[in-house]
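The structure file work.txt is reproduced below (compact mmCIF, C-alpha atoms).
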# COMPACT_ATOMS: atom_id res chain seq x y z
CA MET Z 8 -10.36 -1.51 31.11
CA THR Z 9 -10.62 1.78 33.03
CA ALA Z 10 -13.39 4.31 32.43
CA PRO Z 11 -11.09 6.87 30.73
CA ALA Z 12 -9.85 4.13 28.41
CA LYS Z 13 -13.42 3.16 27.55
CA ILE Z 14 -14.15 6.78 26.66
CA ALA Z 15 -10.93 7.22 24.71
CA ARG Z 16 -11.39 4.13 22.54
CA PRO Z 17 -14.46 5.39 20.61
CA ALA Z 18 -12.75 8.77 20.26
CA ARG Z 19 -9.71 7.03 18.73
CA ARG Z 20 -11.98 5.20 16.30
CA ARG Z 21 -13.72 8.42 15.26
CA LEU Z 22 -10.33 10.05 14.78
CA GLY Z 23 -9.25 7.08 12.68
CA TRP Z 24 -12.28 7.33 10.40
CA LEU Z 25 -11.79 11.08 10.06
CA ALA Z 26 -8.14 10.52 9.17
CA VAL Z 27 -8.89 7.88 6.55
CA ALA Z 28 -11.76 9.86 4.98
CA PRO Z 29 -9.51 11.85 2.56
CA ALA Z 30 -7.94 8.60 1.30
CA LEU Z 31 -11.39 7.07 0.82
CA LEU Z 32 -12.56 10.12 -1.13
CA VAL Z 33 -9.48 10.09 -3.38
CA THR Z 34 -9.86 6.35 -3.94
CA LEU Z 35 -13.56 6.73 -4.76
CA ALA Z 36 -12.78 9.51 -7.21
CA ALA Z 37 -10.12 7.32 -8.82
CA ALA Z 38 -12.51 4.38 -9.09
CA LEU Z 39 -15.25 6.51 -10.67
CA GLY Z 40 -12.74 8.61 -12.60
CA PRO Z 41 -13.60 7.51 -16.16
CA THR Z 42 -17.29 8.36 -15.61
CA LEU Z 43 -16.54 11.66 -13.85
CA ALA Z 44 -13.85 12.94 -16.23
CA PRO Z 45 -15.08 15.87 -18.35
CA HIS Z 46 -12.90 14.83 -21.33
CA PRO Z 47 -11.30 11.65 -22.69
CA ALA Z 48 -7.89 11.10 -21.15
CA GLU Z 49 -5.92 11.48 -24.40
CA GLU Z 50 -7.93 14.32 -25.96
CA ALA Z 51 -6.08 17.59 -26.48
CA ILE Z 52 -8.30 20.52 -25.59
CA GLY Z 53 -5.86 23.45 -25.61
CA ILE Z 54 -2.29 24.63 -25.75
CA PRO Z 55 0.41 22.79 -23.75
CA PHE Z 56 0.56 23.84 -20.09
CA GLY Z 57 -2.41 26.14 -20.47
CA ASP Z 58 -3.78 28.03 -17.48
CA PRO Z 59 -6.86 26.78 -15.60
CA ALA Z 60 -10.08 27.63 -17.38
CA ALA Z 61 -13.75 26.67 -17.39
CA CYS Z 62 -13.17 23.68 -19.69
CA ALA Z 63 -10.02 22.66 -17.75
CA PRO Z 64 -10.18 23.61 -14.04
CA LEU Z 65 -6.59 22.45 -13.47
CA GLY Z 66 -5.24 23.62 -16.81
CA THR Z 67 -3.60 21.43 -19.45
CA ASP Z 68 -0.54 19.20 -19.53
CA ARG Z 69 2.44 19.02 -21.92
CA LEU Z 70 0.23 17.75 -24.76
CA GLY Z 71 -2.66 20.12 -24.14
CA ARG Z 72 -4.76 17.49 -22.38
CA ASP Z 73 -7.06 18.28 -19.46
CA VAL Z 74 -5.13 17.71 -16.21
CA LEU Z 75 -8.31 16.97 -14.25
CA SER Z 76 -9.34 14.26 -16.70
CA GLN Z 77 -5.83 12.79 -16.62
CA LEU Z 78 -5.99 12.83 -12.83
CA LEU Z 79 -9.34 11.03 -12.74
CA TYR Z 80 -8.22 8.40 -15.24
CA GLY Z 81 -4.79 7.81 -13.76
CA GLY Z 82 -5.33 6.77 -10.15
CA TRP Z 83 -7.31 3.54 -10.14
CA GLY Z 84 -4.65 1.24 -11.61
CA LEU Z 85 -1.96 2.53 -9.27
CA LEU Z 86 -4.13 2.21 -6.15
CA LEU Z 87 -5.47 -1.21 -7.15
CA VAL Z 88 -1.99 -2.68 -7.65
CA ALA Z 89 -0.88 -1.14 -4.34
CA ALA Z 90 -3.90 -2.67 -2.58
CA VAL Z 91 -3.19 -6.12 -4.07
CA ILE Z 92 0.43 -5.89 -2.91
CA ALA Z 93 -0.59 -4.74 0.58
CA VAL Z 94 -3.17 -7.50 1.07
CA SER Z 95 -0.86 -10.17 -0.34
CA VAL Z 96 2.15 -9.16 1.73
CA THR Z 97 0.12 -8.79 4.93
CA GLY Z 98 -1.81 -12.05 4.49
CA LEU Z 99 1.20 -14.17 3.60
CA SER Z 100 3.34 -12.58 6.32
CA CYS Z 101 0.65 -13.19 8.93
CA VAL Z 102 0.49 -16.89 8.07
CA LEU Z 103 4.28 -17.26 7.97
CA GLY Z 104 4.65 -15.37 11.24
CA ALA Z 105 2.12 -17.61 12.99
CA VAL Z 106 3.80 -20.75 11.62
CA ALA Z 107 7.22 -19.43 12.66
CA ALA Z 108 6.01 -18.76 16.20
CA LEU Z 109 4.70 -22.31 16.44
CA ARG Z 110 7.70 -23.84 14.65
CA PRO Z 111 10.87 -21.95 15.73
CA ARG Z 112 13.01 -23.64 13.07
CA ILE Z 113 10.92 -21.96 10.36
CA GLY Z 114 11.37 -18.68 12.24
CA GLN Z 115 15.13 -19.01 11.84
CA TRP Z 116 14.73 -19.20 8.05
CA ILE Z 117 12.51 -16.12 8.06
CA GLU Z 118 15.16 -14.21 10.00
CA LEU Z 119 17.78 -15.35 7.49
CA GLY Z 120 15.59 -14.17 4.59
CA THR Z 121 15.04 -10.83 6.29
CA ASP Z 122 18.78 -10.31 6.76
CA LEU Z 123 19.35 -11.20 3.10
CA PHE Z 124 16.70 -8.99 1.50
CA ILE Z 125 17.16 -6.00 3.81
CA LEU Z 126 20.64 -5.51 2.34
CA LEU Z 127 19.19 -4.93 -1.15
CA PRO Z 128 16.82 -1.94 -1.55
CA ALA Z 129 13.47 -2.99 -3.01
CA VAL Z 130 13.53 -0.26 -5.68
CA LEU Z 131 16.97 -1.37 -6.85
CA GLY Z 132 15.91 -5.01 -7.06
CA ILE Z 133 12.75 -4.14 -8.98
CA LEU Z 134 14.72 -1.85 -11.28
CA LEU Z 135 17.20 -4.62 -12.10
CA VAL Z 136 14.56 -7.30 -12.70
CA LEU Z 137 11.95 -5.30 -14.62
CA THR Z 138 14.49 -3.68 -16.93
CA SER Z 139 15.97 -7.09 -17.81
CA TRP Z 140 12.56 -8.80 -17.96
CA PRO Z 141 10.12 -6.18 -19.34
CA ASP Z 142 7.41 -8.74 -20.13
CA ALA Z 143 6.89 -9.34 -16.41
CA GLY Z 144 4.64 -6.26 -16.21
CA THR Z 145 2.33 -5.80 -13.24
CA LEU Z 146 2.51 -9.44 -12.19
CA GLY Z 147 6.29 -9.22 -12.00
CA LEU Z 148 6.06 -6.07 -9.89
CA ILE Z 149 3.66 -7.79 -7.46
CA VAL Z 150 5.88 -10.88 -7.18
CA LEU Z 151 8.95 -8.74 -6.52
CA ALA Z 152 7.07 -6.69 -3.95
CA LEU Z 153 6.18 -9.94 -2.18
CA LEU Z 154 9.78 -11.13 -2.24
CA PHE Z 155 11.05 -7.89 -0.73
CA GLY Z 156 8.13 -7.18 1.61
CA VAL Z 157 7.19 -10.53 3.12
CA PRO Z 158 10.44 -11.42 4.98
CA TYR Z 159 10.51 -8.17 6.94
CA CYS Z 160 6.75 -8.11 7.59
CA ALA Z 161 6.72 -11.80 8.60
CA ARG Z 162 9.37 -11.06 11.20
CA ILE Z 163 7.04 -8.52 12.80
CA PHE Z 164 4.20 -11.03 12.85
CA THR Z 165 6.51 -13.69 14.31
CA ALA Z 166 7.35 -11.43 17.24
CA ALA Z 167 3.67 -10.60 17.77
CA ALA Z 168 2.58 -14.24 17.49
CA ALA Z 169 5.23 -15.54 19.91
CA GLY Z 170 3.23 -14.44 22.95
CA VAL Z 171 0.03 -15.91 21.54
CA ALA Z 172 1.74 -19.22 20.74
CA ALA Z 173 2.92 -19.48 24.35
CA SER Z 174 -0.55 -18.85 25.81
CA GLY Z 175 -2.53 -21.47 27.69
CA TYR Z 176 -5.27 -22.04 25.15
CA VAL Z 177 -2.75 -22.68 22.36
CA GLU Z 178 -0.87 -25.11 24.59
CA SER Z 179 -4.16 -26.84 25.34
CA ALA Z 180 -4.94 -27.13 21.64
CA ARG Z 181 -1.47 -28.57 21.04
CA ALA Z 182 -1.96 -31.10 23.82
CA ALA Z 183 -5.29 -32.09 22.27
CA GLY Z 184 -3.43 -33.00 19.06
CA GLU Z 185 -4.77 -30.19 16.85
CA SER Z 186 -3.10 -29.80 13.46
CA LEU Z 187 -0.74 -26.97 12.55
CA GLY Z 188 -3.41 -25.48 10.27
CA HIS Z 189 -5.92 -25.40 13.12
CA LEU Z 190 -3.41 -23.76 15.45
CA VAL Z 191 -2.47 -21.14 12.85
CA PHE Z 192 -5.91 -20.18 11.52
CA ARG Z 193 -8.12 -20.82 14.55
CA GLU Z 194 -5.93 -20.07 17.54
CA VAL Z 195 -3.13 -17.63 16.60
CA ILE Z 196 -4.21 -15.45 13.65
CA PRO Z 197 -7.57 -14.36 15.19
CA ASN Z 198 -5.55 -12.85 18.04
CA LEU Z 199 -3.36 -10.78 15.71
CA ARG Z 200 -6.07 -8.38 14.52
CA ALA Z 201 -4.39 -5.22 15.80
CA VAL Z 202 -1.04 -6.11 14.22
CA SER Z 203 -2.75 -7.14 10.97
CA THR Z 204 -4.66 -3.85 10.74
CA THR Z 205 -1.53 -1.80 11.39
CA GLN Z 206 0.60 -3.77 8.97
CA LEU Z 207 -2.05 -3.66 6.24
CA GLY Z 208 -2.10 0.13 6.38
CA LEU Z 209 1.67 0.43 6.44
CA ARG Z 210 2.10 -2.08 3.61
CA PHE Z 211 -0.43 -0.15 1.52
CA VAL Z 212 1.46 3.10 1.98
CA ALA Z 213 4.75 1.38 1.14
CA ALA Z 214 3.14 -0.22 -1.92
CA VAL Z 215 1.80 3.13 -3.15
CA TYR Z 216 5.30 4.58 -2.98
CA LEU Z 217 6.81 1.49 -4.61
CA VAL Z 218 4.34 1.40 -7.52
CA SER Z 219 4.63 5.17 -7.98
CA THR Z 220 8.42 4.94 -8.05
CA ALA Z 221 8.32 2.10 -10.59
CA SER Z 222 6.02 4.15 -12.84
CA PHE Z 223 8.11 7.29 -12.37
CA LEU Z 224 11.23 5.38 -13.44
CA GLN Z 225 9.40 4.22 -16.60
CA LEU Z 226 9.56 0.56 -15.63
CA PRO Z 227 7.17 -1.67 -17.63
CA THR Z 228 4.41 -2.00 -15.03
CA THR Z 229 1.50 -1.76 -17.55
CA LEU Z 230 -0.41 0.70 -15.36
CA GLY Z 231 -1.36 2.87 -18.29
CA ALA Z 232 0.10 5.98 -19.82
CA SER Z 233 -1.67 8.48 -17.57
CA ASN Z 234 -1.16 7.28 -14.01
CA TRP Z 235 -0.27 9.84 -11.34
CA ALA Z 236 3.45 9.08 -11.17
CA VAL Z 237 3.80 9.31 -14.95
CA MET Z 238 1.98 12.66 -14.87
CA VAL Z 239 4.53 14.01 -12.40
CA ARG Z 240 7.47 12.88 -14.52
CA GLU Z 241 6.16 14.01 -17.89
CA ASN Z 242 4.92 17.42 -16.76
CA ALA Z 243 7.85 18.43 -14.55
CA SER Z 244 9.35 20.50 -17.35
CA GLY Z 245 6.32 22.79 -17.42
CA MET Z 246 5.77 23.21 -13.70
CA LEU Z 247 6.42 26.97 -13.86
CA LEU Z 248 3.83 27.33 -16.63
CA ASN Z 249 1.07 25.21 -15.06
CA PRO Z 250 2.03 23.94 -11.59
CA TRP Z 251 -1.20 21.93 -11.28
CA ALA Z 252 -0.01 19.47 -13.92
CA VAL Z 253 2.55 18.27 -11.34
CA LEU Z 254 1.00 19.32 -8.03
CA ALA Z 255 -2.37 17.63 -8.57
CA PRO Z 256 -1.07 14.06 -9.01
CA SER Z 257 1.59 14.62 -6.33
CA LEU Z 258 -1.05 15.77 -3.87
CA ALA Z 259 -3.27 12.79 -4.75
CA ILE Z 260 -0.46 10.37 -3.86
CA ALA Z 261 0.46 12.34 -0.73
CA ILE Z 262 -3.15 12.54 0.50
CA VAL Z 263 -3.61 8.78 0.24
CA ALA Z 264 -0.29 8.04 1.97
CA VAL Z 265 -0.64 10.58 4.80
CA SER Z 266 -4.31 9.81 5.39
CA VAL Z 267 -3.74 6.05 5.65
CA ASN Z 268 -0.73 6.61 7.94
CA LEU Z 269 -2.77 8.78 10.32
CA ALA Z 270 -5.63 6.27 10.29
CA VAL Z 271 -3.25 3.39 11.04
CA SER Z 272 -1.85 5.31 14.03
CA ALA Z 273 -5.30 6.12 15.38
CA PHE Z 274 -6.76 2.63 14.93
CA GLY Z 275 -3.57 1.03 16.25
CA ARG Z 276 -3.68 3.02 19.49
CA GLY Z 277 -7.39 2.25 19.80
CA GLU Z 278 -6.77 -1.51 19.49
CA ARG Z 279 -3.97 -1.44 22.06
CA GLU Z 280 -6.16 0.40 24.52
Go ahead and express the file in the form of structure tokens.
Amino acid sequence: MTAPAKIARPARRRLGWLAVAPALLVTLAAALGPTLAPHPAEEAIGIPFGDPAACAPLGTDRLGRDVLSQLLYGGWGLLLVAAVIAVSVTGLSCVLGAVAALRPRIGQWIELGTDLFILLPAVLGILLVLTSWPDAGTLGLIVLALLFGVPYCARIFTAAAAGVAASGYVESARAAGESLGHLVFREVIPNLRAVSTTQLGLRFVAAVYLVSTASFLQLPTTLGASNWAVMVRENASGMLLNPWAVLAPSLAIAIVAVSVNLAVSAFGRGERE
């Protein structure tokens, strides 16, 4: 590694942490929301779409509830489900990609699954399933996100793992008679850290959009009545009266997505260098 690259790598890492800081702050606020909220989420404190005031810094929503309290109560469930989807998709895809690189026949099935699922938009598939099977709830949403997310993500891991699988130390482990599990978890996956980090961030952003869209479309995801996407939908009619009822939850979702995207770019370049 050259001297300029050695200097640039810590700078990239600092830039990455600065980029992810807004997302961390929003997530922390969402996690501590019920204890920080000045009012109960469902308590009406004024007229519908009231202007910001001392008791309601962001004004009120369509039912006269405090927008700030709704905002603090409504983020944790959405972000938690998105995080579960991101970790599940990334972890399963990483394992499948490593197996596919070591067993090319399995890789052919992954490519076939990718070609099949890429033709059907994830939102459309989730809309069809959750409207016909409303009892599926959050678990159904996670399972569907796995079905639509894993084939494409696994294909990326397969391409990244192909070079690792062809390396000398993996060939030596194969010649020594090591099991497939040993090759996958001890030889290949530890060398996919950069790809895993990048994909985890991208999958989280995609999951935030997916969960938000499902809530916005009133699909039965059991995320609660006051999550950010629901706030946007329900308060859109009064945006001219109190814009914060729509802008605040929209900005919360956007901050998380943009911040994680910037952090992924910074950390990804740092790992490659």
- Which of Z:Ala105, Z:Leu127, Z:Leu39, Z:Leu79 sits closest to Z:Ile163 [using all atoms listed in the file]: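 Residue with the minimum atom-to-atom distance to Z:Ile163: Z:Ala105.
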- Which residue of Z:Ala236, Z:Ala273, Z:Ile117, Z:Val212 approaches Z:Val91 most closely, using only C-alpha atoms: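 Looking at the shortest contact to Z:Val91, the residue is Z:Val212.
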- Using only C-alpha atoms: which of Z:Phe164, Z:Phe124, Z:Phe192, Z:Phe223 has the shortest distance to Z:Val177: Z:Phe192
- Message: Just to confirm, what's the straight-line distance from atom CA of Z:Ala28 to atom CA of Z:Thr42 in Å (one decimal)?
- Response: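 Going from atom CA of Z:Ala28 over to atom CA of Z:Thr42 covers 21.4 Å.
The smallest atom-to-atom distance between Z:Gly188 and any of Z:Ala51, Z:Ala93, Z:Leu109, Z:Ala63, using all atoms listed in the file, is found for Z:Leu109.
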- Just the residues within 9 Å of Z:Leu224, please, counting all atoms listed in the file, with nothing from its chain fewer than 4 positions along; format it as a ChimeraX atom specification. /Z:134,219-220,236-237,240
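Nearest to Z:Val88 of all the residues Z:Ala61, Z:Leu254, Z:Ala166, Z:Ile149 is Z:Ile149, counting all atoms listed in the file.
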- Item | Residue with smallest distance to Z:Gly132 - pool Z:Val150, Z:Leu86, Z:Leu258, Z:Ala168, counting all atoms listed in the file |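 Once distances to Z:Gly132 are computed over all atoms listed in the file, the minimum belongs to Z:Val150.
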- Item | All residues 12 Å or closer to Z:Ser95, all atoms listed in the file, same chain fewer than 4 positions away omitted, as a ChimeraX atom specification | /Z:88-91,99-102,149-154,156-157,160-161,203,206-207,210-211,214
- Within 9 Å of Z:Ile125, counting only C-alpha atoms, which residues show up once you throw out same-chain ones fewer than 5 positions away? Write them as a PyMOL selection string, please. chain Z and resi 120+155+158-159
- Message: Between atom CA of Z:Val195 and atom CA of Z:Ala270, what distance in Å does the model show, to one decimal?
- Response: 24.8 Å
- In Å, rounded to a single decimal, give me how far atom CA of Z:Ala38 is from atom CA of Z:Asn242.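 So the answer is 23.1 Å.
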- Task: Would you list the residues near (6.7, -5.2, -14.2) (no more than 10 Å away, in the coordinates of the file, using only C-alpha atoms) as an MDAnalysis selection string?
- Result: chainID Z and resid 133:134 136:138 140:151 218 221:222 226:230
- Query: Which polymer residues have any atom within 8 Å of an atom of Z:Glu50, counting all atoms listed in the file, with same-chain residues fewer than 3 positions away left out, as JSON, numbers by chain?
  - Reply: {"Z": [46, 47, 72, 73]}
- Task: Within 10 Å of Z:Glu241, counting all atoms listed in the file, which residues show up once you throw out same-chain ones fewer than 4 positions away? Write them as a PyMOL selection string, please.
- Result: chain Z and resi 68-70+223+233+236-237+245+252-253
- Message: Here's a test: counting only C-alpha atoms, identify every protein, DNA and RNA residue with an atom at most 8 Å from (-0.7, 10.5, -19.0) in the file's coordinate frame, and state them as a PyMOL selection string.
- Response: chain Z and resi 48-49+77+81+231-235+237-238+241
Missing atoms in stretch 136-148 of chain Z need filling: write out N, CA, C and O atoms for it as an mmCIF file, in the coordinates of the input.
data_model
loop_
_atom_site.group_PDB
_atom_site.id
_atom_site.type_symbol
_atom_site.label_atom_id
_atom_site.label_comp_id
_atom_site.auth_asym_id
_atom_site.auth_seq_id
_atom_site.Cartn_x
_atom_site.Cartn_y
_atom_site.Cartn_z
ATOM 1 N N VAL Z 136 15.333 -6.195 -12.133
ATOM 2 C CA VAL Z 136 14.560 -7.300 -12.700
ATOM 3 C C VAL Z 136 13.654 -6.829 -13.826
ATOM 4 O O VAL Z 136 13.613 -7.442 -14.904
ATOM 5 N N LEU Z 137 12.930 -5.736 -13.620
ATOM 6 C CA LEU Z 137 11.950 -5.300 -14.620
ATOM 7 C C LEU Z 137 12.614 -4.731 -15.871
ATOM 8 O O LEU Z 137 12.034 -4.781 -16.956
ATOM 9 N N THR Z 138 13.807 -4.161 -15.723
ATOM 10 C CA THR Z 138 14.490 -3.680 -16.930
ATOM 11 C C THR Z 138 15.067 -4.834 -17.744
ATOM 12 O O THR Z 138 15.171 -4.746 -18.964
ATOM 13 N N SER Z 139 15.448 -5.930 -17.084
ATOM 14 C CA SER Z 139 15.970 -7.090 -17.810
ATOM 15 C C SER Z 139 14.872 -8.057 -18.228
ATOM 16 O O SER Z 139 15.083 -8.905 -19.095
ATOM 17 N N TRP Z 140 13.698 -7.922 -17.624
ATOM 18 C CA TRP Z 140 12.560 -8.800 -17.960
ATOM 19 C C TRP Z 140 11.310 -7.927 -18.113
ATOM 20 O O TRP Z 140 10.420 -7.937 -17.287
ATOM 21 N N PRO Z 141 11.221 -7.133 -19.184
ATOM 22 C CA PRO Z 141 10.120 -6.180 -19.340
ATOM 23 C C PRO Z 141 8.750 -6.830 -19.496
ATOM 24 O O PRO Z 141 7.735 -6.196 -19.207
ATOM 25 N N ASP Z 142 8.705 -8.087 -19.950
ATOM 26 C CA ASP Z 142 7.410 -8.740 -20.130
ATOM 27 C C ASP Z 142 6.752 -9.119 -18.808
ATOM 28 O O ASP Z 142 5.592 -9.550 -18.801
ATOM 29 N N ALA Z 143 7.466 -8.979 -17.707
ATOM 30 C CA ALA Z 143 6.890 -9.340 -16.410
ATOM 31 C C ALA Z 143 5.690 -8.462 -16.063
ATOM 32 O O ALA Z 143 4.701 -8.931 -15.504
ATOM 33 N N GLY Z 144 5.764 -7.176 -16.407
ATOM 34 C CA GLY Z 144 4.640 -6.260 -16.210
ATOM 35 C C GLY Z 144 4.192 -6.155 -14.761
ATOM 36 O O GLY Z 144 4.988 -6.259 -13.820
ATOM 37 N N THR Z 145 2.885 -5.991 -14.577
ATOM 38 C CA THR Z 145 2.330 -5.800 -13.240
ATOM 39 C C THR Z 145 2.517 -7.026 -12.373
ATOM 40 O O THR Z 145 2.805 -6.920 -11.176
ATOM 41 N N LEU Z 146 2.342 -8.210 -12.961
ATOM 42 C CA LEU Z 146 2.510 -9.440 -12.190
ATOM 43 C C LEU Z 146 3.933 -9.543 -11.639
ATOM 44 O O LEU Z 146 4.144 -9.928 -10.482
ATOM 45 N N GLY Z 147 4.908 -9.194 -12.464
ATOM 46 C CA GLY Z 147 6.290 -9.220 -12.000
ATOM 47 C C GLY Z 147 6.523 -8.245 -10.861
ATOM 48 O O GLY Z 147 7.243 -8.555 -9.902
ATOM 49 N N LEU Z 148 5.920 -7.064 -10.962
ATOM 50 C CA LEU Z 148 6.060 -6.070 -9.890
ATOM 51 C C LEU Z 148 5.462 -6.596 -8.587
ATOM 52 O O LEU Z 148 6.049 -6.430 -7.510
#
